[in-house]
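S.K.: Could you have a look at this structure, given as structure tokens, before my questions?
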Amino acid sequence: MTEPAPNLRHRMARGALWMMLQRVAVRAIGLVSTVILARLLMPGDFGIVALASGFQAVIESLAELGFDLALVQRQTSARADYDTTWTLNVIRGIVVAAVLLALADPSAEFYGDARLAPLMRWLALGPFMAGLQNVGTVEFHRDLRFDIEFRLAVWSKISAFCVTVFLAAWRHDYWALVAGILAGKAVATALSYLIHSYRPRPSLRGARQFLHFSLWLSINNIVTGIKSRLDTFIVGKFVGASLLGVYSVGYEISNLIASEVMWPIARVIFSGFAKMSGKPEELARTLLDVLGLLFLVATPMAVGIGLTAEWIVRIFLGNQWLAAIPLVRVLVIYGVLNFATANSQAIFLALGRPDRSAVASLPAAILLPPLLVWGTARYGLVGAAWAVVLDGAINLVSNLLLMRGLIHFRLAEVLAALWRPLGATAAMAAVVLVIDERWALADTMAGLIGQFLTVVACGAVTYAVIVLILWRAVGAPAGPESQAISALRTFRAGVRP
């Protein structure tokens with residue numbers, strides 16, 4: 001029997017808020033860790049680990065089969081499918097680990113840094129441990145039980161934080177970062193068996209049923225995985241590990257809101273969209289609702305990070321990271337562009353069209369290497385940042401065109417949902433820029449913190465007032481504002497004892 005749409009939307013809203021809460025909690029722990037580690041370690045430590053992690057991420061994307069997503073998309077509960085998924089994940093983990101081990105020495109020789117080889121050997125344990133995770137937890141994803149995933153993610157992050165900070169304070173080198181990564185993987189695997197009673201068994205009986213879906217998803221993961229890490233490899237080759245560390249931290253700060261909001265919403269809406277796969281009109285309406293809510297909440301925060309970049313870097317990271325300030329200001333544009341494409345892959349996969357997802361990512365993946373090489377060689381780190389922004393704009397256009405071909409929404413409907421958040425964000429930016437221009441930067445830490453909090457408060461009040469004025473001025477129509485109020489009420493009702 002088909003689940004009523006209103007109930008499904010409420011569950012999606014509640015699940016999205018749980019996942020956003022998860023990402024806020026995980027990121028808060030990560031930010032505290034970064035602030036502490038920035039004082040204990042050097043930019044080169046972050047750079048060399050970013051390079052080694054980049055190799056791992058690309059290799060993992062090449063071997064990503066996506067059988068977990070196939071289970072969600074098919075809404076299947078057959079044991080053979082679960083056992084097959086677990087077995088393939090184990091095989092994948094072993095293959096990724098073996099490739100990392102094989103590439104360790106050649107990679108160190110190519111980059112001229114002997115530290116890279118042992119790092120890659122130790123990081124090979126990560127995908128192996130991840131492959132052993134209990135596949136039964138996919139049921140939480142399929143059934144929109146993201147409150148349980150919240151606990152799993154937070155405890156894993158806390159474990160990684162404790163290990164990383166302790167070793168950084170003791171050793172003062174990059175091995176603390178590696179140990180933290182591995183500790184998080186180990187705890188996540190152990191907890192997956194504690195929170196779900198399913199016990200997988202080796203089997204490949206159901207593999208053929210998922211082959212078509214996984215083939216295209218694998219191609220898409222290869223394209224997007226390489227694209228997402230290409231800047232690390234090219235920037236690292238041109239500027240070295242130390243400046244790569246600056247770029248990596250700048251990228252992380254600038255895309256903080258994009259990554260922490262897009263990821264949870266994409267996970268939730270894929271589960272919900274999979275239940276609407278036979279109703280393209282309802283899919284289009286829900287997509288516009290989610291997109292409007294995403295821009296309402298995330299855009300002012302992302303732009304705010306760019307506007308207050310100097311205070312953020314000076315207060316939380318220290319003067320040795322000042323080179324990251326212009327990068328943050330440029331790369332927040334890339335984060336905002338990604339908001340518009342945050343849900344495209346979920347749409348393609350929910351409709352059983354992973355081929356469209358792969359095709360949508362292809363133009364940006366092809367153009368990124370020459371853009372990065374030209375930008376980095378000519379303008380350094382800032383040139384690399386602008387290359388990433390331009391590539392994000394290309395990716396936005398290709399994804400919107402392909403999505404429109406499947407669910408037939410109009411661009412006018414998108415603009416109707418987004419113009420008020422975007423207008424209020426522009427007003428907020430104008431206010432913050434005026435304050436910044438007339439306010440000399442404080443020369444003490446207490447003064448910097450006071451200025452930062454004042455600017456954030458002024459920006460937040462400006463945004464909230466303008467967006468409400470614009471909403472009321474057009475008659476308080478159904479849109480992101482009403483969706484936000486409804487989602488908050490649903491969440492409060494769900495967590496109330």
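So you can find residues: chains in the structure tokens are A, B, ... in the order shown, residues in each start at 1, and ligands are numbered from 1 in order.
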Write out as number ranges by chain which residues come within 10 Å of A:Gly136 when counting only C-alpha atoms, dropping same-chain ones fewer than 5 positions away.
M.R.: A: 68, 77, 79, 82-83, 85-86, 141, 192-193, 195-200
S.K.: A:Ile305: which residues within 12 Å, counting only C-alpha atoms, same-chain residues fewer than 3 positions away excluded, as a ChimeraX atom specification?
M.R.: /A:250-258,298-302,308-313,325-333,335-336,429,432,452,455-456,459-460
S.K.: Could you write out that same residue set with N, CA and C atoms as a CSV table (one decimal), in the first residue's frame?
M.R.:
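Output saved as part.csv:
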```
chain,number,residue,atom,x,y,z
A,250,GLY,N,41.4,26.1,3.8
A,250,GLY,CA,40.5,27.1,3.2
A,250,GLY,C,39.3,26.5,2.6
A,251,TYR,N,39.5,25.5,1.8
A,251,TYR,CA,38.4,24.8,1.1
A,251,TYR,C,37.4,24.2,2.2
A,252,GLU,N,37.9,23.6,3.2
A,252,GLU,CA,37.0,23.0,4.2
A,252,GLU,C,36.2,24.1,4.9
A,253,ILE,N,36.8,25.2,5.3
A,253,ILE,CA,36.1,26.3,5.9
A,253,ILE,C,35.0,26.9,5.0
A,254,SER,N,35.4,27.2,3.8
A,254,SER,CA,34.5,27.8,2.9
A,254,SER,C,33.3,27.0,2.5
A,255,ASN,N,33.5,25.7,2.5
A,255,ASN,CA,32.4,24.7,2.1
A,255,ASN,C,31.8,24.0,3.3
A,256,LEU,N,32.0,24.6,4.5
A,256,LEU,CA,31.5,24.0,5.7
A,256,LEU,C,30.0,23.8,5.6
A,257,ILE,N,29.3,24.9,5.3
A,257,ILE,CA,27.8,24.8,5.3
A,257,ILE,C,27.3,23.9,4.1
A,258,ALA,N,28.0,24.1,3.0
A,258,ALA,CA,27.6,23.3,1.8
A,258,ALA,C,27.7,21.8,2.1
A,298,ALA,N,20.7,27.7,4.4
A,298,ALA,CA,22.1,27.5,4.2
A,298,ALA,C,22.8,28.7,3.5
A,299,THR,N,22.2,29.3,2.6
A,299,THR,CA,22.8,30.4,1.9
A,299,THR,C,23.4,31.5,2.7
A,300,PRO,N,22.6,32.1,3.7
A,300,PRO,CA,23.1,33.1,4.5
A,300,PRO,C,24.3,32.7,5.4
A,301,MET,N,24.3,31.4,5.8
A,301,MET,CA,25.4,30.9,6.6
A,301,MET,C,26.7,30.8,5.8
A,302,ALA,N,26.5,30.2,4.5
A,302,ALA,CA,27.7,30.1,3.7
A,302,ALA,C,28.3,31.4,3.3
A,308,THR,N,33.0,37.0,6.8
A,308,THR,CA,33.8,37.1,8.1
A,308,THR,C,35.0,36.2,8.1
A,309,ALA,N,35.5,35.9,6.9
A,309,ALA,CA,36.7,35.0,6.8
A,309,ALA,C,37.9,35.5,7.6
A,310,GLU,N,38.2,36.8,7.6
A,310,GLU,CA,39.4,37.2,8.3
A,310,GLU,C,39.2,37.0,9.8
A,311,TRP,N,38.1,37.3,10.3
A,311,TRP,CA,37.9,37.1,11.8
A,311,TRP,C,38.0,35.6,12.1
A,312,ILE,N,37.3,34.7,11.2
A,312,ILE,CA,37.3,33.3,11.5
A,312,ILE,C,38.8,32.7,11.5
A,313,VAL,N,39.6,33.1,10.5
A,313,VAL,CA,40.9,32.6,10.4
A,313,VAL,C,41.8,33.1,11.6
A,325,ILE,N,42.6,33.2,3.8
A,325,ILE,CA,41.5,34.1,3.8
A,325,ILE,C,40.9,34.4,2.4
A,326,PRO,N,41.8,34.7,1.4
A,326,PRO,CA,41.2,35.0,0.1
A,326,PRO,C,40.6,33.7,-0.5
A,327,LEU,N,41.1,32.6,-0.2
A,327,LEU,CA,40.6,31.3,-0.7
A,327,LEU,C,39.2,31.1,-0.2
A,328,VAL,N,39.0,31.3,1.1
A,328,VAL,CA,37.6,31.2,1.7
A,328,VAL,C,36.6,32.1,1.0
A,329,ARG,N,37.0,33.3,0.8
A,329,ARG,CA,36.1,34.3,0.2
A,329,ARG,C,35.7,33.9,-1.3
A,330,VAL,N,36.6,33.2,-2.0
A,330,VAL,CA,36.3,32.8,-3.3
A,330,VAL,C,35.5,31.5,-3.3
A,331,LEU,N,35.9,30.6,-2.5
A,331,LEU,CA,35.3,29.2,-2.6
A,331,LEU,C,33.9,29.1,-2.0
A,332,VAL,N,33.5,30.1,-1.2
A,332,VAL,CA,32.1,30.1,-0.7
A,332,VAL,C,31.1,30.2,-1.9
A,333,ILE,N,31.6,30.8,-3.0
A,333,ILE,CA,30.7,30.8,-4.2
A,333,ILE,C,30.5,29.4,-4.7
A,335,GLY,N,30.5,26.8,-2.9
A,335,GLY,CA,29.5,26.1,-2.0
A,335,GLY,C,28.1,26.5,-2.3
A,336,VAL,N,27.8,27.8,-2.6
A,336,VAL,CA,26.5,28.2,-2.9
A,336,VAL,C,26.0,27.6,-4.2
A,429,ALA,N,24.7,40.8,3.2
A,429,ALA,CA,26.1,41.0,2.8
A,429,ALA,C,26.4,42.5,2.7
A,432,VAL,N,27.0,43.8,6.3
A,432,VAL,CA,28.3,43.3,6.9
A,432,VAL,C,29.5,44.0,6.2
A,452,PHE,N,33.7,39.9,15.8
A,452,PHE,CA,33.1,38.8,15.1
A,452,PHE,C,31.7,38.6,15.6
A,455,VAL,N,29.4,41.4,14.3
A,455,VAL,CA,29.1,41.3,12.9
A,455,VAL,C,28.1,40.1,12.6
A,456,VAL,N,28.3,39.0,13.2
A,456,VAL,CA,27.4,37.8,13.0
A,456,VAL,C,26.0,38.2,13.5
A,459,GLY,N,24.4,40.6,11.0
A,459,GLY,CA,24.1,39.9,9.7
A,459,GLY,C,22.9,39.0,9.9
A,460,ALA,N,22.8,38.3,11.0
A,460,ALA,CA,21.7,37.3,11.2
A,460,ALA,C,20.4,38.1,11.4
```
S.K.: Might you pull out every residue within 8 Å of stretch 406-423 of chain A, with only C-alpha atoms counted and same-chain residues fewer than 6 positions away left off, and present them as a PDB file with C-alpha atoms, in the first residue's frame?
M.R.:
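As written to disk, selection_32.pdb reads:
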```pdb
ATOM      1  CA  PRO A 280       7.271  12.591 -11.200  1.00  0.00           C
ATOM      2  CA  GLU A 281       4.947  15.526 -10.493  1.00  0.00           C
ATOM      3  CA  LEU A 283       8.865  14.499  -7.066  1.00  0.00           C
ATOM      4  CA  ALA A 284       9.127  17.921  -8.707  1.00  0.00           C
ATOM      5  CA  LEU A 288      11.292  22.590  -5.043  1.00  0.00           C
ATOM      6  CA  ASP A 289      10.257  22.447  -1.375  1.00  0.00           C
ATOM      7  CA  LEU A 291      15.601  23.350  -2.568  1.00  0.00           C
ATOM      8  CA  GLY A 292      13.795  26.386  -1.172  1.00  0.00           C
ATOM      9  CA  PHE A 295      18.605  28.043   0.313  1.00  0.00           C
ATOM     10  CA  LEU A 296      16.625  29.662   3.124  1.00  0.00           C
ATOM     11  CA  THR A 299      22.837  30.385   1.861  1.00  0.00           C
ATOM     12  CA  PRO A 300      23.141  33.138   4.505  1.00  0.00           C
ATOM     13  CA  VAL A 467      13.360  37.608   4.493  1.00  0.00           C
ATOM     14  CA  LEU A 470       9.735  40.003   1.655  1.00  0.00           C
ATOM     15  CA  TRP A 471       7.637  36.965   2.500  1.00  0.00           C
ATOM     16  CA  GLY A 479       7.368  28.251   0.077  1.00  0.00           C
ATOM     17  CA  PRO A 480      10.633  27.831   1.940  1.00  0.00           C
TER      18      PRO A 480
END
```
S.K.: Between atom CA of A:Tyr174 and atom CA of A:Gly131, measure the distance and give it in Å to one decimal.
M.R.: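 Between atom CA of A:Tyr174 and atom CA of A:Gly131 the gap is 25.0 Å.
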S.K.: Compile the contact shell of A:Gly44 as a ChimeraX atom specification: residues with an atom at most 6 Å away, counting only C-alpha atoms, same-chain residues fewer than 5 positions apart removed.
M.R.: /A:241-242,245
S.K.: Rank nothing, just name the residue among A:Leu402, A:Leu317, A:Leu194, A:Leu125 nearest to A:Arg353, using only C-alpha atoms.
M.R.: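 Counting only C-alpha atoms, the residue closest to A:Arg353 is A:Leu402.
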S.K.: Under the rule that only C-alpha atoms are counted, which of A:Ser33, A:Thr137, A:Ser398, A:Ser203 is the nearest residue to A:Ala160?
M.R.: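 Smallest distance to A:Ala160 is found for A:Ser33.
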S.K.: If you run DSSP on this backbone, which residues of stretch 223-448 of chain A come out as alpha helix (DSSP H), and could you give them as a PyMOL selection string?
M.R.: chain A and resi 223-254+256-274+280-307+309-312+325-340+344-350+354-407+411-438+445-448
S.K.: Report, in Å with one decimal, the straight-line distance from atom CA of A:Ile435 to atom CA of A:Trp321.
M.R.: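 Calculated distance between atom CA of A:Ile435 and atom CA of A:Trp321 is 23.6 Å.
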S.K.: In Å, rounded to a single decimal, give me how far atom CA of A:Val90 is from atom CA of A:Ala176.
M.R.: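 Atom CA of A:Val90 lies 26.5 Å from atom CA of A:Ala176.
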S.K.: Closest to A:Ala346 among A:Arg229, A:Met403, A:Tyr334, A:Ala102, using only C-alpha atoms?
M.R.: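 Answer, going by the shortest atom-to-atom distance: A:Met403.
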S.K.: Which residue, A:Leu103, A:Leu243, A:Ala464, A:Ala114, has the smallest gap to A:Leu381 when you use only C-alpha atoms?
M.R.: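 The shortest atom-to-atom distance to A:Leu381 comes from A:Leu243.
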